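Okay, structure first, notes after.
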Amino acid sequence: MLISIITINYNNLSGLKKTMQSVLEQTYSKIEYIIIDGGSTDGSKEYIESKDKNLAYWVSEPDKGIYHAMNKGIDQATGDYVLFLNSGDWLVGAEIVDVISKNFGDCDILFGNLIKVSINQKQLIDKGPQSSNLTLNNFFVGTLNHPSTFIKRDLFKKYGKYDESLKIVSDWKFFLIAIGLNDSVVKYLDTEISYFDMTGLSNSNLKARKDERDLVLKSLLPLRIYNDYNNFKNLSKILKNPRVQSLMKLEKFASLRKVNAVWFKFLLLFVKVKN
């Protein structure tokens, strides 16, 4: 089983060193390591060149953005599965790829846990959907963590590579199509796979992500399904409200069920009016 690991980088020498070291120390022997550098001027190119004998392919030249760089990596990959590990992110230990290689079975996509590292070095384990049985709804509310997800390379031939017109959510769009709208076989492994550096995230990123996701959903879903998605999203927000949660707890008391019924009719009416 040949596994392609693709790292993209631009002027992040310190992060690149951490990422490359975590890949090059892997005990699993059948790794095809590909580096796509965007023409860095901070010494990244020279560092990559110094590791040339350990790399299957590398290039340092200007590109058109993150997803263009990833697609360049896909074009060079020959492995059965592909993992994207951007500069600054790193694998949890030297044996993790060996562990993963024994668990693919016949799945199209295998994902595990991601350890998110904040700017103050606090760590949070994100397990994603925690299920091998994913539906369209999983991608309405979330996604798979890219740095801890192994993707069968043939899926890029079947569903296309990453949409370069998007700046933030092209990997989410790919998962939405391959899993949410089609029948790709997914396997969840409750194992920490990689660390993710969160220092580059901001509120503006989160807003842009939301806007891009909405554009993708409008382009891929029939209008009726898209409208249902919005209705369910609004209803979900209401049901998570602490006051509504308190009302739901009162359901066990028969004398208060009629009062609750009135409240819930009002809430449902509010959702319809809002949409």
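FYI, nothing fancy with the structure tokens labels: chains A, B, ... in order, residues from 1 per chain, ligands from 1 as they appear.
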
Write out as a PDB file with C-alpha atoms, in the first residue's frame the residues lying within 12 Å of Gly65 in chain A, counting only C-alpha atoms and excluding same-chain residues fewer than 3 positions away.
```pdb
ATOM      1  CA  ILE A   8       2.149  22.678   0.613  1.00  0.00           C
ATOM      2  CA  ASN A   9       4.181  25.589   1.896  1.00  0.00           C
ATOM      3  CA  TYR A  10       4.798  29.275   1.393  1.00  0.00           C
ATOM      4  CA  ILE A  36       4.679  21.882  -3.270  1.00  0.00           C
ATOM      5  CA  ASP A  37       6.274  25.213  -2.350  1.00  0.00           C
ATOM      6  CA  GLY A  38       4.837  28.465  -3.681  1.00  0.00           C
ATOM      7  CA  GLY A  39       8.179  30.097  -4.456  1.00  0.00           C
ATOM      8  CA  GLU A  61       7.437  28.104  -7.923  1.00  0.00           C
ATOM      9  CA  PRO A  62       4.562  30.607  -7.715  1.00  0.00           C
ATOM     10  CA  HIS A  68      -4.060  25.042  -6.835  1.00  0.00           C
ATOM     11  CA  ALA A  69      -0.988  23.893  -4.894  1.00  0.00           C
ATOM     12  CA  MET A  70      -2.865  20.848  -3.578  1.00  0.00           C
ATOM     13  CA  ASN A  71      -4.007  19.968  -7.093  1.00  0.00           C
ATOM     14  CA  LYS A  72      -0.417  20.192  -8.289  1.00  0.00           C
ATOM     15  CA  TYR A 162     -10.296  20.650  -5.606  1.00  0.00           C
ATOM     16  CA  ASP A 163     -12.300  23.625  -6.848  1.00  0.00           C
ATOM     17  CA  GLU A 164      -9.681  26.366  -7.245  1.00  0.00           C
ATOM     18  CA  SER A 165     -12.305  29.105  -7.411  1.00  0.00           C
ATOM     19  CA  LEU A 166     -12.855  28.604  -3.659  1.00  0.00           C
ATOM     20  CA  LYS A 167     -10.393  29.940  -1.094  1.00  0.00           C
ATOM     21  CA  ILE A 168     -11.410  28.087   2.093  1.00  0.00           C
ATOM     22  CA  SER A 170     -12.865  23.328  -1.425  1.00  0.00           C
TER      23      SER A 170
END
```

Quiz item: DSSP on the backbone: what in range 2-105 of chain A comes out strand (DSSP E), as number ranges by chain?
Solution: A: 3-9, 31-37, 57-60, 81-84, 90-91

Just-selected residues, N, CA, C and O atoms written as a compact mmCIF listing (two decimals), in the first residue's frame:
```
# COMPACT_ATOMS: atom_id res chain seq x y z
N ILE A 3 1.34 5.17 0.16
CA ILE A 3 0.62 6.33 0.68
C ILE A 3 1.35 7.60 0.27
O ILE A 3 2.55 7.76 0.54
N SER A 4 0.64 8.50 -0.40
CA SER A 4 1.21 9.79 -0.79
C SER A 4 0.87 10.82 0.28
O SER A 4 -0.29 10.98 0.65
N ILE A 5 1.89 11.50 0.77
CA ILE A 5 1.68 12.62 1.69
C ILE A 5 2.11 13.88 0.97
O ILE A 5 3.22 13.97 0.45
N ILE A 6 1.20 14.86 0.92
CA ILE A 6 1.46 16.10 0.20
C ILE A 6 1.51 17.26 1.18
O ILE A 6 0.58 17.46 1.98
N THR A 7 2.59 18.00 1.14
CA THR A 7 2.75 19.19 1.98
C THR A 7 2.86 20.41 1.08
O THR A 7 3.70 20.45 0.18
N ILE A 8 2.01 21.41 1.33
CA ILE A 8 2.15 22.68 0.61
C ILE A 8 2.71 23.71 1.58
O ILE A 8 2.43 23.67 2.79
N ASN A 9 3.48 24.63 1.04
CA ASN A 9 4.18 25.59 1.90
C ASN A 9 4.40 26.90 1.16
O ASN A 9 4.60 26.92 -0.06
N ILE A 31 5.98 5.33 1.76
CA ILE A 31 5.45 6.69 1.73
C ILE A 31 6.07 7.44 0.56
O ILE A 31 7.29 7.44 0.38
N GLU A 32 5.23 8.06 -0.21
CA GLU A 32 5.66 8.92 -1.32
C GLU A 32 5.44 10.36 -0.85
O GLU A 32 4.31 10.82 -0.73
N TYR A 33 6.56 11.06 -0.56
CA TYR A 33 6.43 12.39 0.01
C TYR A 33 6.62 13.47 -1.06
O TYR A 33 7.64 13.49 -1.76
N ILE A 34 5.62 14.35 -1.16
CA ILE A 34 5.58 15.38 -2.20
C ILE A 34 5.49 16.76 -1.53
O ILE A 34 4.64 16.98 -0.66
N ILE A 35 6.36 17.67 -1.94
CA ILE A 35 6.36 19.03 -1.40
C ILE A 35 6.05 20.01 -2.53
O ILE A 35 6.73 20.03 -3.55
N ILE A 36 5.02 20.83 -2.31
CA ILE A 36 4.68 21.88 -3.27
C ILE A 36 4.89 23.23 -2.57
O ILE A 36 4.12 23.60 -1.68
N ASP A 37 5.95 23.92 -2.95
CA ASP A 37 6.27 25.21 -2.35
C ASP A 37 5.90 26.32 -3.34
O ASP A 37 6.13 26.20 -4.54
N TYR A 57 8.99 13.94 -4.95
CA TYR A 57 8.87 15.07 -5.88
C TYR A 57 8.80 16.35 -5.06
O TYR A 57 8.22 16.38 -3.98
N TRP A 58 9.40 17.41 -5.58
CA TRP A 58 9.22 18.72 -4.97
C TRP A 58 9.38 19.80 -6.04
O TRP A 58 10.04 19.60 -7.06
N VAL A 59 8.76 20.94 -5.80
CA VAL A 59 8.88 22.07 -6.70
C VAL A 59 8.73 23.34 -5.87
O VAL A 59 8.05 23.35 -4.84
N SER A 60 9.41 24.38 -6.29
CA SER A 60 9.28 25.69 -5.64
C SER A 60 9.06 26.72 -6.74
O SER A 60 9.98 27.09 -7.46
N TYR A 81 -3.55 5.97 -1.43
CA TYR A 81 -4.24 6.97 -0.62
C TYR A 81 -3.38 8.22 -0.52
O TYR A 81 -2.16 8.17 -0.63
N VAL A 82 -4.07 9.35 -0.30
CA VAL A 82 -3.40 10.65 -0.21
C VAL A 82 -3.75 11.31 1.11
O VAL A 82 -4.91 11.31 1.54
N LEU A 83 -2.73 11.88 1.77
CA LEU A 83 -2.93 12.68 2.98
C LEU A 83 -2.33 14.05 2.74
O LEU A 83 -1.19 14.17 2.29
N PHE A 84 -3.11 15.10 3.03
CA PHE A 84 -2.61 16.47 2.91
C PHE A 84 -2.20 16.97 4.28
O PHE A 84 -3.00 17.05 5.21
N TRP A 90 1.63 18.56 11.85
CA TRP A 90 2.56 17.45 11.95
C TRP A 90 1.89 16.19 12.48
O TRP A 90 0.86 16.25 13.16
N LEU A 91 2.46 15.04 12.13
CA LEU A 91 1.93 13.74 12.54
C LEU A 91 2.25 13.47 14.01
O LEU A 91 3.27 13.94 14.52
```

Contacts of range 56-160 of chain A with range 204-226 of chain A up to 12 Å, shortest pair per row, only C-alpha atoms, as a Markdown table:
```
| residue | atom | partner | partner_atom | distance |
| --- | --- | --- | --- | --- |
| A:Leu136 | CA | A:Leu221 | CA | 10.7 |
| A:Asn137 | CA | A:Ile225 | CA | 11.2 |
| A:Phe139 | CA | A:Arg213 | CA | 9.8 |
| A:Phe140 | CA | A:Leu217 | CA | 8.8 |
| A:Val141 | CA | A:Arg213 | CA | 10.6 |
| A:Gly142 | CA | A:Arg213 | CA | 10.5 |
| A:Thr143 | CA | A:Arg213 | CA | 11.0 |
```

Self-check item: Atomic separation - CA of Ser148 in chain A relative to CA of Ile193 in chain A, Å
Solution: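 Atom-to-atom, CA of Ile193 in chain A and CA of Ser148 in chain A are spaced 5.5 Å apart.
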
DSSP alpha helix (DSSP H) residues within range 105-179 of chain A, as a compact mmCIF listing (two decimals) with N, CA and C atoms, in the first residue's frame:
```txt
# COMPACT_ATOMS: atom_id res chain seq x y z
N LEU A 136 -25.64 13.23 4.28
CA LEU A 136 -25.58 14.61 3.80
C LEU A 136 -25.63 15.59 4.96
N ASN A 137 -26.38 15.26 5.99
CA ASN A 137 -26.53 16.16 7.13
C ASN A 137 -25.20 16.43 7.83
N ASN A 138 -24.28 15.44 7.83
CA ASN A 138 -22.98 15.64 8.46
C ASN A 138 -22.24 16.81 7.83
N PHE A 139 -22.49 17.06 6.56
CA PHE A 139 -21.78 18.13 5.87
C PHE A 139 -22.57 19.43 5.87
N PHE A 140 -23.83 19.38 6.31
CA PHE A 140 -24.57 20.60 6.59
C PHE A 140 -24.02 21.24 7.86
N VAL A 141 -23.63 20.41 8.82
CA VAL A 141 -23.24 20.92 10.14
C VAL A 141 -21.74 20.87 10.39
N ASP A 154 -8.05 7.53 -6.32
CA ASP A 154 -8.98 7.36 -7.43
C ASP A 154 -10.21 8.25 -7.32
N LEU A 155 -10.54 8.70 -6.10
CA LEU A 155 -11.71 9.57 -5.94
C LEU A 155 -11.53 10.90 -6.66
N PHE A 156 -10.28 11.34 -6.77
CA PHE A 156 -10.04 12.61 -7.47
C PHE A 156 -10.26 12.44 -8.97
N LYS A 157 -10.10 11.23 -9.48
CA LYS A 157 -10.42 10.97 -10.88
C LYS A 157 -11.93 10.88 -11.06
N LYS A 158 -12.61 10.33 -10.06
CA LYS A 158 -14.05 10.12 -10.15
C LYS A 158 -14.84 11.40 -9.96
N TYR A 159 -14.44 12.22 -8.99
CA TYR A 159 -15.23 13.41 -8.65
C TYR A 159 -14.52 14.72 -8.97
N SER A 170 -12.88 24.25 -0.29
CA SER A 170 -12.86 23.33 -1.42
C SER A 170 -12.73 21.88 -0.97
N ASP A 171 -12.00 21.62 0.11
CA ASP A 171 -11.90 20.25 0.63
C ASP A 171 -13.26 19.81 1.17
N TRP A 172 -13.98 20.73 1.85
CA TRP A 172 -15.34 20.41 2.32
C TRP A 172 -16.25 20.09 1.15
N LYS A 173 -16.15 20.87 0.07
CA LYS A 173 -16.97 20.61 -1.12
C LYS A 173 -16.67 19.22 -1.67
N PHE A 174 -15.40 18.85 -1.71
CA PHE A 174 -15.03 17.53 -2.21
C PHE A 174 -15.67 16.43 -1.35
N PHE A 175 -15.59 16.57 -0.02
CA PHE A 175 -16.20 15.57 0.88
C PHE A 175 -17.72 15.55 0.73
```

Quick one: residues within 9 Å of Ile115 in chain A, only C-alpha atoms, excluding same-chain residues fewer than 4 positions away - as a PDB file with N, CA, C and O atoms, in the first residue's frame?
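Output (part-v6.pdb):
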```
ATOM      1  N   VAL A  92       1.379  12.706  14.672  1.00  0.00           N
ATOM      2  CA  VAL A  92       1.488  12.559  16.125  1.00  0.00           C
ATOM      3  C   VAL A  92       2.694  11.731  16.576  1.00  0.00           C
ATOM      4  O   VAL A  92       3.173  11.892  17.692  1.00  0.00           O
ATOM      5  N   GLN A 123      -4.249  22.507  23.688  1.00  0.00           N
ATOM      6  CA  GLN A 123      -4.593  21.462  22.734  1.00  0.00           C
ATOM      7  C   GLN A 123      -6.024  20.964  22.953  1.00  0.00           C
ATOM      8  O   GLN A 123      -6.466  20.796  24.090  1.00  0.00           O
ATOM      9  N   LEU A 124      -6.719  20.752  21.838  1.00  0.00           N
ATOM     10  CA  LEU A 124      -8.087  20.246  21.876  1.00  0.00           C
ATOM     11  C   LEU A 124      -8.215  19.129  20.852  1.00  0.00           C
ATOM     12  O   LEU A 124      -7.855  19.306  19.686  1.00  0.00           O
ATOM     13  N   ILE A 125      -8.704  17.977  21.270  1.00  0.00           N
ATOM     14  CA  ILE A 125      -8.881  16.860  20.344  1.00  0.00           C
ATOM     15  C   ILE A 125     -10.231  16.979  19.657  1.00  0.00           C
ATOM     16  O   ILE A 125     -11.280  16.992  20.304  1.00  0.00           O
ATOM     17  N   ASP A 126     -10.199  17.100  18.338  1.00  0.00           N
ATOM     18  CA  ASP A 126     -11.411  17.192  17.521  1.00  0.00           C
ATOM     19  C   ASP A 126     -11.595  15.843  16.821  1.00  0.00           C
ATOM     20  O   ASP A 126     -10.790  15.455  15.982  1.00  0.00           O
ATOM     21  N   LYS A 127     -12.673  15.144  17.162  1.00  0.00           N
ATOM     22  CA  LYS A 127     -12.928  13.815  16.605  1.00  0.00           C
ATOM     23  C   LYS A 127     -13.848  13.856  15.386  1.00  0.00           C
ATOM     24  O   LYS A 127     -14.172  12.812  14.821  1.00  0.00           O
ATOM     25  N   GLU A 192      -5.719   9.514  17.381  1.00  0.00           N
ATOM     26  CA  GLU A 192      -5.158  10.812  17.032  1.00  0.00           C
ATOM     27  C   GLU A 192      -4.149  10.614  15.893  1.00  0.00           C
ATOM     28  O   GLU A 192      -3.259   9.757  15.995  1.00  0.00           O
ATOM     29  N   ILE A 193      -4.288  11.395  14.833  1.00  0.00           N
ATOM     30  CA  ILE A 193      -3.433  11.233  13.658  1.00  0.00           C
ATOM     31  C   ILE A 193      -2.457  12.390  13.491  1.00  0.00           C
ATOM     32  O   ILE A 193      -1.274  12.177  13.227  1.00  0.00           O
ATOM     33  N   SER A 194      -2.931  13.609  13.656  1.00  0.00           N
ATOM     34  CA  SER A 194      -2.049  14.743  13.405  1.00  0.00           C
ATOM     35  C   SER A 194      -2.414  15.944  14.268  1.00  0.00           C
ATOM     36  O   SER A 194      -3.500  16.011  14.846  1.00  0.00           O
ATOM     37  N   TYR A 195      -1.469  16.866  14.331  1.00  0.00           N
ATOM     38  CA  TYR A 195      -1.656  18.144  15.012  1.00  0.00           C
ATOM     39  C   TYR A 195      -1.947  19.219  13.970  1.00  0.00           C
ATOM     40  O   TYR A 195      -1.356  19.208  12.885  1.00  0.00           O
ATOM     41  N   PHE A 196      -2.816  20.152  14.330  1.00  0.00           N
ATOM     42  CA  PHE A 196      -3.191  21.231  13.422  1.00  0.00           C
ATOM     43  C   PHE A 196      -2.914  22.575  14.092  1.00  0.00           C
ATOM     44  O   PHE A 196      -3.430  22.861  15.180  1.00  0.00           O
ATOM     45  N   ASP A 197      -2.109  23.394  13.450  1.00  0.00           N
ATOM     46  CA  ASP A 197      -1.764  24.716  13.962  1.00  0.00           C
ATOM     47  C   ASP A 197      -2.895  25.688  13.647  1.00  0.00           C
ATOM     48  O   ASP A 197      -3.164  25.989  12.484  1.00  0.00           O
TER      49      ASP A 197
END
```

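Proximity to Asp98 in chain A was assessed for A:Ser118, A:Gln26, A:Asn113, A:Asn145 counting only C-alpha atoms; the smallest distance is recorded for A:Gln26.
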
Exercise. Rank A:Lys187, A:Lys17, A:Lys161, A:Lys237 by their smallest atom-to-atom distance to Asn86 in chain A, using only C-alpha atoms, and report the top residue only.
Key: A:Lys17

Exercise. Find, counting only C-alpha atoms, the residue in A:Thr149, A:Asn182, A:Thr78, A:Gln130 that gets nearest to Leu110 in chain A.
Key: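 Ranking A:Thr149, A:Asn182, A:Thr78, A:Gln130 by distance to Leu110 in chain A, first place goes to A:Thr149.
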
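With only C-alpha atoms as the atoms that count, the minimum distance from Lys116 in chain A to the choices A:Leu189, A:Met198, A:Ile151, A:Val97 is reached by A:Met198.
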
Quiz item: Smallest atom-to-atom distance to Gly112 in chain A: which of A:Ser236, A:Thr191, A:Asn54, A:Met20, using only C-alpha atoms?
Solution: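 Checking each candidate against Gly112 in chain A, we get A:Thr191 as the closest.
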
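What separates CA of His146 in chain A from CA of Leu235 in chain A is a distance of 28.7 Å.
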